[in-house]
Each structure stands twice: as C-alpha cells, then as structure tokens.
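Visitor: Next comes the structure file work33.txt, holding compact mmCIF, C-alpha atoms.
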# COMPACT_ATOMS: atom_id res chain seq x y z
CA MET A 1 0.00 0.00 0.00
CA GLY A 2 1.41 3.36 -0.88
CA ARG A 3 1.76 6.02 1.74
CA ASP A 4 -0.55 8.92 1.35
CA SER A 5 1.11 11.61 -0.65
CA THR A 6 -0.53 14.32 1.40
CA THR A 7 -1.75 14.22 4.93
CA PRO A 8 -4.13 16.95 5.92
CA ALA A 9 -2.76 18.79 8.88
CA GLU A 10 -6.22 19.09 10.34
CA THR A 11 -6.26 19.80 14.01
CA PHE A 12 -9.40 19.02 15.86
CA PRO A 13 -10.18 20.88 19.07
CA ALA A 14 -10.44 18.34 21.86
CA THR A 15 -13.87 19.46 22.96
CA HIS A 16 -16.40 16.99 24.20
CA TRP A 17 -19.55 17.18 22.12
CA SER A 18 -21.82 17.18 25.16
CA GLU A 19 -20.26 20.48 26.22
CA ILE A 20 -21.06 22.09 22.90
CA GLY A 21 -24.61 23.06 23.66
CA ARG A 22 -24.06 24.34 27.19
CA ALA A 23 -25.48 27.80 27.54
CA GLY A 24 -23.32 30.63 28.85
CA ALA A 25 -20.09 28.90 28.07
CA ALA A 26 -17.09 31.19 28.06
CA ASP A 27 -15.33 29.52 25.16
CA ALA A 28 -18.42 29.27 22.96
CA GLU A 29 -16.42 30.02 19.87
CA CYS A 30 -14.04 27.16 20.49
CA ARG A 31 -16.90 24.72 20.99
CA SER A 32 -18.64 25.99 17.92
CA LYS A 33 -15.48 25.35 15.91
CA ALA A 34 -15.21 21.90 17.42
CA LEU A 35 -18.73 20.99 16.36
CA ASP A 36 -18.16 22.42 12.91
CA ALA A 37 -14.98 20.36 12.48
CA LEU A 38 -16.77 17.26 13.74
CA LEU A 39 -19.63 17.66 11.28
CA ARG A 40 -17.29 18.37 8.38
CA ARG A 41 -15.31 15.21 9.16
CA TYR A 42 -18.48 13.17 9.01
CA SER A 43 -20.19 15.10 6.22
CA SER A 44 -19.91 12.02 4.03
CA ALA A 45 -22.06 10.16 6.56
CA LEU A 46 -24.63 12.96 6.46
CA ARG A 47 -24.82 12.75 2.67
CA HIS A 48 -25.14 8.97 2.79
CA HIS A 49 -28.03 9.32 5.16
CA LEU A 50 -29.82 11.76 2.89
CA VAL A 51 -29.31 9.59 -0.18
CA ALA A 52 -30.10 6.23 1.39
CA ARG A 53 -32.84 7.09 3.82
CA LEU A 54 -34.44 10.11 2.26
CA ARG A 55 -33.86 9.02 -1.35
CA LEU A 56 -32.44 12.41 -2.32
CA SER A 57 -30.18 12.83 -5.30
CA PRO A 58 -26.45 13.02 -4.50
CA GLN A 59 -26.35 16.67 -5.52
CA LYS A 60 -29.38 17.59 -3.40
CA ALA A 61 -27.92 15.62 -0.49
CA GLU A 62 -24.63 17.47 -0.83
CA ASP A 63 -26.37 20.85 -0.80
CA LEU A 64 -28.53 19.99 2.18
CA ALA A 65 -25.65 18.50 4.17
CA GLN A 66 -23.56 21.62 3.60
CA GLY A 67 -26.52 23.81 4.51
CA PHE A 68 -27.10 21.80 7.67
CA ILE A 69 -23.47 22.32 8.69
CA ALA A 70 -23.22 25.97 7.62
CA ASP A 71 -26.47 26.98 9.32
CA ARG A 72 -25.22 25.48 12.61
CA ILE A 73 -28.49 23.60 12.96
CA LEU A 74 -27.16 20.97 15.31
CA GLU A 75 -25.56 23.59 17.51
CA HIS A 76 -28.90 25.34 17.87
CA ASP A 77 -30.69 22.04 18.52
CA LEU A 78 -28.22 21.08 21.21
CA ALA A 79 -28.51 24.46 22.88
CA LYS A 80 -32.30 24.18 22.86
CA ARG A 81 -32.47 20.68 24.25
CA ALA A 82 -31.64 20.32 27.92
CA ASP A 83 -31.58 16.55 27.66
CA ALA A 84 -29.49 16.44 24.51
CA ARG A 85 -26.53 14.97 26.32
CA ARG A 86 -28.48 11.86 27.25
CA GLY A 87 -28.72 10.49 23.75
CA ARG A 88 -26.15 9.12 21.39
CA PHE A 89 -24.55 11.75 19.23
CA ARG A 90 -25.22 9.87 15.98
CA ALA A 91 -28.91 9.49 16.81
CA LEU A 92 -29.25 13.15 17.72
CA LEU A 93 -27.50 14.12 14.55
CA LYS A 94 -29.83 12.00 12.42
CA THR A 95 -32.91 13.49 14.05
CA SER A 96 -31.58 17.00 13.72
CA LEU A 97 -30.64 16.46 10.09
CA GLU A 98 -34.00 14.95 9.20
CA ASN A 99 -35.81 17.83 10.89
CA TYR A 100 -33.67 20.25 8.95
CA VAL A 101 -34.50 18.53 5.67
CA ARG A 102 -38.20 18.44 6.52
CA SER A 103 -38.15 22.17 7.28
CA HIS A 104 -36.27 22.80 4.07
CA PHE A 105 -38.94 21.06 1.99
CA ARG A 106 -41.75 22.76 3.90
CA ARG A 107 -40.20 26.15 3.28
CA ALA A 108 -39.62 25.32 -0.37
CA SER A 109 -43.23 24.16 -0.81
CA ALA A 110 -44.65 27.19 0.99
CA LYS A 111 -42.60 29.44 -1.24
CA LYS A 112 -43.84 27.62 -4.31
CA ARG A 113 -47.47 27.80 -3.11
CA SER A 114 -47.32 31.51 -2.48
CA SER A 115 -45.58 32.26 -5.75
CA ASP A 116 -47.59 30.27 -8.27
CA LYS A 117 -50.46 28.96 -6.09
CA ALA A 118 -49.80 25.49 -7.42
CA PHE A 119 -50.52 22.37 -5.41
CA VAL A 120 -47.65 21.09 -3.30
CA ASN A 121 -45.85 18.28 -4.98
CA ILE A 122 -46.01 15.60 -2.32
CA ASP A 123 -43.25 13.58 -4.03
CA GLU A 124 -40.76 16.20 -2.94
CA TYR A 125 -41.24 15.30 0.70
CA PRO A 126 -39.08 12.47 1.94
CA ASP A 127 -41.38 9.79 3.34
CA LEU A 128 -39.42 8.62 6.36
CA ALA A 129 -41.94 5.97 7.31
CA ALA A 130 -41.66 4.22 3.97
CA VAL A 131 -37.94 3.50 4.04
CA SER A 132 -36.28 0.46 5.53
CA ASP A 133 -33.99 0.30 8.56
CA ASP A 134 -31.18 -0.73 6.22
CA ALA A 135 -31.41 2.61 4.53
CA GLY A 136 -31.26 4.25 7.94
CA ARG A 137 -28.02 2.39 8.67
CA ALA A 138 -26.21 3.81 5.65
CA MET A 139 -25.16 6.78 7.71
CA ASP A 140 -23.83 4.53 10.47
CA VAL A 141 -21.67 2.58 8.02
CA ALA A 142 -20.36 5.80 6.47
CA TRP A 143 -19.80 7.16 9.96
CA ALA A 144 -17.77 4.09 10.92
CA ARG A 145 -15.66 4.53 7.80
CA GLY A 146 -15.06 8.15 8.78
CA VAL A 147 -13.99 7.11 12.27
CA ILE A 148 -11.49 4.60 10.86
CA GLU A 149 -10.17 7.14 8.38
CA GLU A 150 -9.46 9.65 11.13
CA ALA A 151 -8.00 7.04 13.51
CA LEU A 152 -5.71 5.88 10.72
CA ARG A 153 -4.61 9.43 9.98
CA ARG A 154 -3.67 9.89 13.64
CA MET A 155 -1.88 6.55 13.79
CA ARG A 156 0.15 7.43 10.70
CA LYS A 157 1.03 10.85 12.10
CA GLN A 158 2.03 9.39 15.44
CA CYS A 159 4.35 6.84 13.80
CA ALA A 160 5.82 9.52 11.55
CA ASP A 161 6.36 11.98 14.41
CA SER A 162 8.09 9.35 16.54
CA GLU A 163 9.88 7.93 13.49
CA ASP A 164 8.66 4.51 14.57
CA HIS A 165 8.76 2.88 11.16
CA VAL A 166 8.73 -0.62 12.63
CA LEU A 167 5.49 0.05 14.46
CA TRP A 168 3.86 1.38 11.30
CA ASP A 169 5.14 -1.46 9.16
CA VAL A 170 3.92 -4.13 11.56
CA PHE A 171 0.55 -2.38 11.79
CA GLU A 172 0.29 -2.00 8.04
CA GLU A 173 1.27 -5.59 7.27
CA ARG A 174 -0.78 -7.33 9.94
CA ILE A 175 -3.85 -5.12 10.39
CA LEU A 176 -4.24 -2.48 7.71
CA LYS A 177 -3.61 -4.36 4.48
CA PRO A 178 -5.80 -7.34 5.42
CA ALA A 179 -8.66 -4.99 6.28
CA LEU A 180 -8.33 -2.56 3.42
CA GLU A 181 -6.98 -4.68 0.60
CA ASN A 182 -8.19 -8.13 1.60
CA ALA A 183 -4.51 -9.10 1.55
CA PRO A 184 -3.17 -11.97 3.65
CA PRO A 185 -1.36 -10.74 6.76
CA GLY A 186 2.34 -10.05 6.19
CA PRO A 187 4.10 -13.35 7.03
CA TYR A 188 5.79 -13.71 10.40
CA ALA A 189 9.08 -14.79 8.83
CA GLU A 190 9.09 -11.76 6.55
CA LEU A 191 8.64 -9.38 9.50
CA VAL A 192 11.54 -11.08 11.30
CA ARG A 193 13.73 -10.81 8.21
CA ARG A 194 12.83 -7.20 7.57
CA HIS A 195 13.27 -5.87 11.10
CA GLY A 196 15.73 -8.30 12.66
CA PHE A 197 13.49 -9.25 15.57
CA ARG A 198 15.43 -11.41 18.01
CA SER A 199 12.61 -13.59 19.30
CA PRO A 200 8.92 -14.36 18.87
CA THR A 201 8.06 -12.40 21.99
CA GLN A 202 9.75 -9.36 20.48
CA VAL A 203 7.75 -9.71 17.25
CA SER A 204 4.51 -10.25 19.11
CA SER A 205 5.21 -7.34 21.42
CA ALA A 206 5.66 -5.10 18.37
CA LEU A 207 2.32 -6.28 17.01
CA ILE A 208 0.60 -5.87 20.38
CA LYS A 209 2.07 -2.36 20.64
CA ALA A 210 0.90 -1.50 17.12
CA ARG A 211 -2.64 -2.70 17.89
CA ALA A 212 -2.66 -0.77 21.14
CA ALA A 213 -1.40 2.42 19.47
CA TYR A 214 -4.13 2.22 16.84
CA ALA A 215 -6.75 1.42 19.50
CA VAL A 216 -5.74 4.56 21.37
CA CYS A 217 -6.14 6.60 18.17
CA LEU A 218 -9.53 5.01 17.53
CA ARG A 219 -10.61 5.70 21.08
CA SER A 220 -9.51 9.34 20.82
CA VAL A 221 -11.59 9.81 17.66
CA VAL A 222 -14.72 8.33 19.20
CA ALA A 223 -14.14 10.17 22.48
CA GLU A 224 -14.70 13.43 20.64
CA TYR A 225 -18.37 12.68 20.31
CA ALA A 226 -19.07 10.09 23.01
CA ARG A 227 -20.21 11.07 26.45
CA SER A 228 -17.96 8.95 28.65
CA GLU A 229 -15.28 6.26 28.64
CA GLU A 230 -18.02 3.66 28.90
CA ASP A 231 -19.83 5.23 25.99
CA VAL A 232 -16.64 5.13 23.90
CA ALA A 233 -16.35 1.36 24.35
CA GLU A 234 -20.04 0.90 23.56
CA GLU A 235 -19.78 3.08 20.47
CA ILE A 236 -16.76 1.13 19.17
CA ALA A 237 -18.60 -2.15 19.75
CA ASP A 238 -21.67 -0.71 18.03
CA LEU A 239 -19.70 0.48 15.00
CA ARG A 240 -17.98 -2.92 14.77
CA GLU A 241 -21.37 -4.61 14.79
CA ILE A 242 -22.65 -2.22 12.12
CA LEU A 243 -19.66 -2.94 9.87
CA SER A 244 -19.65 -6.67 10.48
CA ARG A 245 -23.21 -7.14 9.27
CA GLY A 246 -21.30 -7.71 6.10
CA ARG A 247 -23.62 -6.51 3.43
CA GLU A 248 -23.65 -3.36 1.52
CA ILE A 249 -26.55 -1.06 2.05
CA ALA A 250 -28.59 0.64 -0.60
CA GLY A 251 -27.21 4.07 -1.22
CA GLU A 252 -23.96 3.37 0.58
CA THR A 253 -21.98 3.37 -2.62
CA ALA A 254 -23.21 6.75 -3.76
CA TYR A 255 -20.25 8.59 -2.32
CA ARG A 256 -17.47 6.02 -2.56
CA MET B 257 -8.86 11.94 -0.84
CA THR B 258 -5.69 10.10 0.23
CA ASP B 259 -4.81 6.56 -0.86
CA SER B 260 -5.83 4.89 2.36
CA ALA B 261 -8.93 7.07 2.75
CA LYS B 262 -10.01 5.94 -0.71
CA LEU B 263 -9.44 2.31 0.27
CA ILE B 264 -11.41 2.76 3.48
CA HIS B 265 -14.37 4.02 1.51
CA GLU B 266 -14.06 1.27 -1.10
CA SER B 267 -13.49 -1.70 1.24
CA GLU B 268 -16.22 -4.12 2.16
CA SER B 269 -17.66 -2.98 5.44
CA SER B 270 -17.37 -6.46 6.98
CA ARG B 271 -13.58 -6.42 6.58
CA LEU B 272 -13.35 -2.97 8.13
CA ALA B 273 -14.99 -4.38 11.26
CA ASP B 274 -11.56 -5.83 12.06
CA MET B 275 -10.31 -2.29 12.54
CA MET B 276 -12.82 -1.52 15.27
CA PHE B 277 -11.25 -2.77 18.47
CA THR B 278 -10.21 -1.57 21.89
CA GLU B 279 -6.98 -1.98 23.83
CA THR B 280 -8.57 -4.71 25.93
CA ASP B 281 -9.45 -6.99 23.03
CA SER B 282 -7.00 -9.90 22.80
CA PRO B 283 -7.13 -11.40 19.34
CA GLN B 284 -5.18 -14.32 17.96
CA LEU B 285 -2.02 -12.57 16.76
CA TRP B 286 -0.66 -15.26 14.46
CA GLN B 287 -2.09 -17.70 11.97
CA PRO B 288 -1.83 -21.45 12.67
CA GLU B 289 0.37 -21.90 9.59
CA GLU B 290 2.89 -19.46 11.09
CA LEU B 291 3.51 -21.51 14.23
CA GLY B 292 6.33 -23.50 12.60
CA ASP B 293 8.25 -20.30 11.84
CA ILE B 294 7.58 -19.03 15.34
CA LEU B 295 8.85 -22.26 16.92
CA ARG B 296 12.03 -22.22 14.82
CA HIS B 297 12.55 -18.59 15.75
CA GLU B 298 12.04 -19.38 19.42
CA MET B 299 14.60 -22.19 19.25
CA SER B 300 17.15 -19.77 17.78
CA ALA B 301 16.35 -16.99 20.28
CA ALA B 302 18.89 -16.24 23.00
CA VAL B 303 17.82 -17.69 26.34
CA GLU B 304 19.32 -14.77 28.22
CA PHE B 305 17.49 -12.27 26.02
CA GLU B 306 14.14 -13.96 26.49
CA LEU B 307 14.32 -14.86 30.15
CA GLY B 308 16.15 -11.71 31.13
CA GLY B 309 13.22 -9.62 30.04
CA LEU B 310 10.79 -11.12 32.52
CA ASN B 311 11.89 -9.53 35.78
CA GLY B 312 14.96 -8.30 37.56
CA ALA B 313 15.33 -11.20 39.99
CA MET B 314 15.07 -13.82 37.29
CA ALA B 315 17.51 -11.94 35.04
CA GLU B 316 20.04 -11.79 37.86
CA ARG B 317 19.63 -15.49 38.59
CA LEU B 318 20.11 -16.25 34.92
CA ARG B 319 23.26 -14.16 34.63
CA ARG B 320 24.75 -15.81 37.72
CA LEU B 321 23.95 -19.26 36.41
CA THR B 322 25.34 -18.82 32.93
CA SER B 323 28.50 -17.02 34.01
CA ALA B 324 29.30 -19.51 36.77
CA ARG B 325 29.20 -22.50 34.53
CA ARG B 326 30.73 -20.98 31.43
CA LEU B 327 28.01 -22.60 29.41
CA LEU B 328 28.05 -22.72 25.68
CA VAL B 329 24.34 -22.17 25.75
CA LYS B 330 23.10 -19.23 23.75
CA SER B 331 19.74 -20.25 22.38
CA PHE B 332 16.84 -22.42 23.50
CA GLY B 333 17.90 -24.84 20.77
CA ASP B 334 21.42 -24.99 22.28
CA LEU B 335 20.00 -25.64 25.73
CA LEU B 336 17.59 -28.36 24.67
CA GLY B 337 20.27 -30.05 22.56
CA HIS B 338 22.98 -29.83 25.23
CA PRO B 339 24.23 -33.22 26.50
CA ASN B 340 24.49 -31.99 30.07
CA PRO B 341 22.35 -28.91 30.55
CA PRO B 342 22.00 -27.22 33.94
CA VAL B 343 18.77 -28.31 35.61
CA GLU B 344 18.26 -24.90 37.16
CA LEU B 345 18.22 -23.30 33.74
CA LEU B 346 15.76 -25.89 32.49
CA GLU B 347 13.55 -25.13 35.46
CA MET B 348 13.68 -21.44 34.62
CA VAL B 349 12.73 -22.17 31.04
CA LYS B 350 9.87 -24.38 32.22
CA GLU B 351 8.55 -21.63 34.53
CA TYR B 352 8.96 -19.01 31.84
CA ALA B 353 7.03 -21.14 29.34
CA LYS B 354 4.36 -21.97 31.89
CA ALA B 355 3.86 -18.29 32.71
CA LEU B 356 3.52 -17.40 29.04
CA SER B 357 1.14 -20.26 28.33
CA ARG B 358 -1.19 -19.04 31.08
CA HIS B 359 -1.03 -15.33 30.37
CA PRO B 360 -4.15 -14.15 28.51
CA ALA B 361 -2.14 -11.59 26.51
CA SER B 362 0.99 -13.66 26.12
CA PRO B 363 3.36 -12.54 23.37
CA LEU B 364 4.20 -16.19 22.71
CA PRO B 365 1.44 -18.34 21.17
CA ARG B 366 0.17 -20.71 23.83
CA GLU B 367 1.00 -23.84 21.84
CA ILE B 368 4.60 -22.73 21.35
CA ALA B 369 4.92 -21.95 25.05
CA MET B 370 3.54 -25.42 25.84
CA ALA B 371 6.06 -27.05 23.47
CA LEU B 372 8.88 -25.24 25.28
CA TYR B 373 7.44 -26.22 28.64
CA TYR B 374 7.30 -29.94 27.85
CA ALA B 375 10.68 -29.80 26.11
CA ALA B 376 12.33 -28.50 29.30
CA ILE B 377 10.68 -31.25 31.36
CA VAL B 378 11.78 -33.96 28.94
CA VAL B 379 15.39 -32.76 28.69
CA ALA B 380 15.71 -32.54 32.48
CA HIS B 381 14.45 -36.12 32.77
CA LEU B 382 16.44 -37.59 29.87
CA ARG B 383 19.79 -35.87 30.33
CA CYS B 384 19.88 -34.92 34.00
CA GLY B 385 17.72 -37.68 35.48
CA LYS B 386 15.64 -35.01 37.22
CA ARG B 387 11.94 -34.50 37.38
CA ILE B 388 11.22 -30.78 37.34
CA SER B 389 7.43 -31.01 37.07
CA LYS B 390 4.77 -32.00 39.55
CA LEU B 391 2.62 -33.35 36.72
CA LYS B 392 1.90 -37.06 36.73
CA ASP B 393 3.81 -39.07 34.12
CA GLN B 394 0.52 -39.89 32.44
CA GLU B 395 -0.22 -36.17 32.05
CA ILE B 396 3.26 -35.48 30.70
CA ARG B 397 2.90 -38.29 28.15
CA ALA B 398 -0.48 -36.98 27.05
CA GLY B 399 1.00 -33.50 26.58
CA LEU B 400 3.99 -34.82 24.65
CA GLU B 401 1.78 -36.91 22.36
CA ARG B 402 -0.54 -34.00 21.72
CA ILE B 403 2.20 -31.54 20.83
CA ALA B 404 4.38 -34.02 18.91
CA ALA B 405 1.44 -34.57 16.56
CA ARG B 406 1.20 -30.88 15.64
CA PRO B 407 2.10 -30.13 12.03
CA TRP B 408 4.24 -27.15 13.02
CA MET B 409 6.63 -29.20 15.19
CA THR B 410 10.24 -29.12 14.06
CA GLY B 411 12.08 -32.40 13.39
CA ASP B 412 14.53 -31.97 16.29
CA LEU B 413 11.86 -31.21 18.82
CA ARG B 414 9.58 -33.99 17.61
CA LYS B 415 12.47 -36.44 17.98
CA LEU B 416 13.10 -35.15 21.50
CA PHE B 417 9.43 -35.60 22.39
CA GLU B 418 9.45 -39.15 21.01
CA GLU B 419 12.53 -39.96 23.10
CA GLY B 420 10.74 -38.50 26.10
CA LEU B 421 7.66 -40.57 25.43
CA ASP B 422 9.78 -43.74 25.23
CA ARG B 423 11.47 -42.88 28.48
CA PHE B 424 8.23 -42.17 30.35
CA ARG B 425 6.71 -45.39 28.95
CA ARG B 426 9.71 -47.38 30.14
CA ASP B 427 9.45 -45.74 33.55
CA ALA B 428 5.84 -46.83 33.73
CA GLU B 429 6.73 -50.40 32.76
CA GLU B 430 9.50 -50.51 35.35
CA ARG B 431 7.12 -49.29 38.00
CA LYS B 432 4.71 -52.02 37.01
CA ASP B 433 7.50 -54.62 37.32
CA HIS B 434 8.64 -53.29 40.67
CA GLY B 435 5.32 -52.80 42.37
CA PRO B 436 3.09 -49.80 43.00
CA LYS B 437 5.83 -47.38 44.13
CA GLN B 438 6.40 -44.37 41.91
CA ALA B 439 10.01 -43.99 40.78
CA SER B 440 11.63 -40.86 42.18
Can I see the file as structure tokens?
Guide:
Amino acid sequence: MGRDSTTPAETFPATHWSEIGRAGAADAECRSKALDALLRRYSSALRHHLVARLRLSPQKAEDLAQGFIADRILEHDLAKRADARRGRFRALLKTSLENYVRSHFRRASAKKRSSDKAFVNIDEYPDLAAVSDDAGRAMDVAWARGVIEEALRRMRKQCADSEDHVLWDVFEERILKPALENAPPGPYAELVRRHGFRSPTQVSSALIKARAAYAVCLRSVVAEYARSEEDVAEEIADLREILSRGREIAGETAYR
Amino acid sequence: MTDSAKLIHESESSRLADMMFTETDSPQLWQPEELGDILRHEMSAAVEFELGGLNGAMAERLRRLTSARRLLVKSFGDLLGHPNPPVELLEMVKEYAKALSRHPASPLPREIAMALYYAAIVVAHLRCGKRISKLKDQEIRAGLERIAARPWMTGDLRKLFEEGLDRFRRDAEERKDHGPKQAS
C-alpha cells in the first residue's frame, strides 16, 4: 500500500460534544469550531443518510448537508435541548438532520405555493416511514468509515512523528492491508527478516504495541463525540457490529 | 482523498470491522500456519534475552547461572540439545514457558509456550535424570503426544518428544514390574 502523498494537517479541538450546547459557556467560539470540524469530518455520513434514507439525489444531499453544517443547525438544537446529552450523538445528529431537511422542503413548498399557487408536490417530501432500517443504517456505516479514516490518519502521524517505522510497518502488514486490501497478513518470517526481531516475543510485542497504538487513536476519535469512557467502548462495539453485518446497504456506494 | 482514505471508503464494510477494536481486546495474533516459523525462531532466540526480560530477579539469577558454569548455551535450541544442561536453567525455562502459556495476553502463542514447557521437562528427565514437574507421568505423556502430533513441530523437537515418550513409557513399565511405588 502506498503512503498517502498528502496528509491533511487538520487539528481538531479536543472538545467533548456534550459540552457544545451548554449555555453561557465562556469559550463558545471554540466549541462551535469543534462541532463544525466534527460535522465536516463526518459530512460524508450525512450525505449517505440523505441519499439512502431520504432518497435524495447526491447533488441535493450534498447541498442539504452543507446547509445543515453551515447553518449550525445541530448547535442550535443542542442548545435548545436540555436533555441532549443523554442520547447518542449519531442518533441526535440523524434526528436534527431529518428535521432540517423536513423544514427545508416545507419552506420550499410554501414558497412555491405563495408564488404560483400550485398544489404542493407531495413527491418532494421524503417519506421517512416508507424507508427500511437498512437505509437508515447507511449513515452509520459511512460514519464508521469516517472514524477509521481519522484514527488511521492519527496513527500514521504518530508513527511519523516518533519515526517509529517498525510500528507502522507491523501495523500495516498485519492489520491495515488485510482490512483494506483483503490481503493476507504479512508473514511472520518476513517481518523477522525485515526488522531483525530477536525472538517471537519481540515480534509479538511489536504487534501488540501497534494494535494498542491504533486502538488509542480510535478511542480518541470516538471520544470526541461520546459522552464517557463507557460510551466510547459501547460506540466502538456498536460500530464494529454495524460494519460486520457484512452486506452493503442501498445508497452506501453513492459517495465512494 | 488520500490513498488509504479511498481504500477505506471502497473496502467491504465487513472487513473494516476488524479495525474496530479496543486496547482490551485480545485477538489471535498469528495464523496457525505461522507456528512452525515461530517455533524455529524461538529455538534460535537467546535464552538470556528472552528470560532476562521477565523480571529483575530472574535476570540476575540467569546471569549468575550462565557465568558460573561458562556454558556454551546461547539459544533455547542450544539448551535443549545440550548433553548436560543445567537443571536450574531448564527449570527457569519451564517456569517461563508456563507463565507465558497461562497469560491471557501472552506474546508467545500458547501452543509454542507449551512445546517449550514440555521440552524443558523432557530434557531434564532424559539428560539430567531429574523431574522438574509435579505433573503425573501420564499427564506429561499426554502433553507430549498431543504436541508431537502438531504439524508445526520441528524435526529436532519432535524427535526429543518421542525420546521422552519412550522414556516415560519405560518408567511406567518398570514401576509395574517393581510394584506400585512411583520412581523418584
């Protein structure tokens, strides 16, 4: 696998999402930026949701997702809802996004009615009740992909910063390539030859360390929108379950 | 979009599930077909390097033992093939292997640790006439038979296990001939 030619030097403010909507916060601007960065990272998941669940065209989904982010809809929703921190972030986001889309279509229809007095075209309204749960999961799958992408970016940066090429190589050969390229894991003997490991415990320790380093990156990504340490573990387990269902979901491929 | 980001978004979601794990998950690190390479590597690994890493007291004991006897033992393979190996070193290897075989996050595959464990017991019995395990002979024989049958076993070690099996069988026959007393 080739190394990425460019790595975005995105820095994400380490603000817990549940703090974002707190009224009277002194560093409101910082939290607002944090939420904005979070939504932009997962904008692909938002678009997937609009295409798969609401059956919108990719272009319309793109416009609405960008509008949702730019208009700071979620931020307003979180500030309005005292109990917002009780729910899962992904679920709140879906609800907020769907409400935004519904409002968008209502506004558009009202405008149309007042301008040409035509009947409202009911086909323009997404019929949420008519779509399957699978379609609703498209966003979760895209979200999981976004989480992995960010965790991987951090893992790569960490290895590059510490110049730990062995750690990256072991991770790439044993974990990354099998998952991303369906390649067999890099053979044990080849790792020994390449890095001069002196014993099996040394090789295994390198692999255990690589797994742990990636797991820390993954945890840090999820922690930015989970409520607690317990919630982080639950969210990772949930995303694993979502991915392991093993079938592609209608609309999921729209933005690949 | 970067190379890996593109791959993440093109990969089957079921395969990506393998990248969702926590620090506490303890997966199988190596494939069964890699155990032969791991065993050969273990046999060529320096005993002092491996055992010295466990804890300070054991490392000190090991250094004292090897320097006092001026042993020509570098690797596990050297030790297990030595005509007159020090029993104390074999006991250390046995304890080391036992600890690794029981540890849930052991860096040595359990089966390899078990092979090393039984190998130390057999060598102590065959070459030093010492029993360094509290296991019953019947249990040792069952363990030797089980591991000797593994496809990843190396020729040298399999031969050693077969010699050990012969010896433990003969011991059992002798005990039968000489009454119910267990040989010491």
Visitor: Produce a table with one row for each residue of chain A that has an atom at most 6 Å from any atom of chain B, each row naming the nearest atom pair and its distance in Å at one decimal; use only C-alpha atoms; arrange rows by chain and rising residue number; format as a tab-separated table.
Guide:
residue	atom	partner	partner_atom	distance
A:Asp4	CA	B:Asp259	CA	5.3
A:Glu149	CA	B:Ala261	CA	5.8
A:Ala179	CA	B:Arg271	CA	5.1
A:Leu180	CA	B:Ser267	CA	5.7
A:Ser199	CA	B:Ala301	CA	5.1
A:Pro200	CA	B:Glu298	CA	5.9
A:Thr201	CA	B:Pro363	CA	4.9
A:Ser204	CA	B:Pro363	CA	5.0
A:Ser205	CA	B:Pro363	CA	5.9
A:Ala212	CA	B:Glu279	CA	5.2
A:Ala215	CA	B:Thr278	CA	5.2
A:Arg240	CA	B:Ala273	CA	4.8
A:Leu243	CA	B:Ser269	CA	4.9
A:Ser244	CA	B:Ser270	CA	4.2
A:Gly246	CA	B:Ser270	CA	4.2
A:Arg256	CA	B:His265	CA	5.5
Visitor: Would you work out the distance separating CA of Leu92 in chain A from CA of Ala108 in chain A, expressed in Å to one decimal?
Guide: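 Computed distance, CA of Leu92 in chain A to CA of Ala108 in chain A, equals 24.1 Å.
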Visitor: Grab the CA of Val51 in chain A to CA of Ile73 in chain A distance for me, in Å with one decimal place.
Guide: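 It comes out at 19.2 Å.
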Visitor: Expressed in Å to a single decimal, how great is the separation between CA of Ala206 in chain A and CA of Pro360 in chain B?
Guide: 16.8 Å
Visitor: My list of candidates is B:Arg431, B:Ala369, B:Ile403, B:Phe424. Which is closest to Arg387 in chain B when distances are computed with only C-alpha atoms?
Guide: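 Once distances to Arg387 in chain B are computed over only C-alpha atoms, the minimum belongs to B:Phe424.
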Visitor: Quick one: of A:Arg40, A:Arg219, A:Arg194, A:His104, who's nearest to Ala233 in chain A, counting only C-alpha atoms?
Guide: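 Smallest separation from Ala233 in chain A among the options: A:Arg219.
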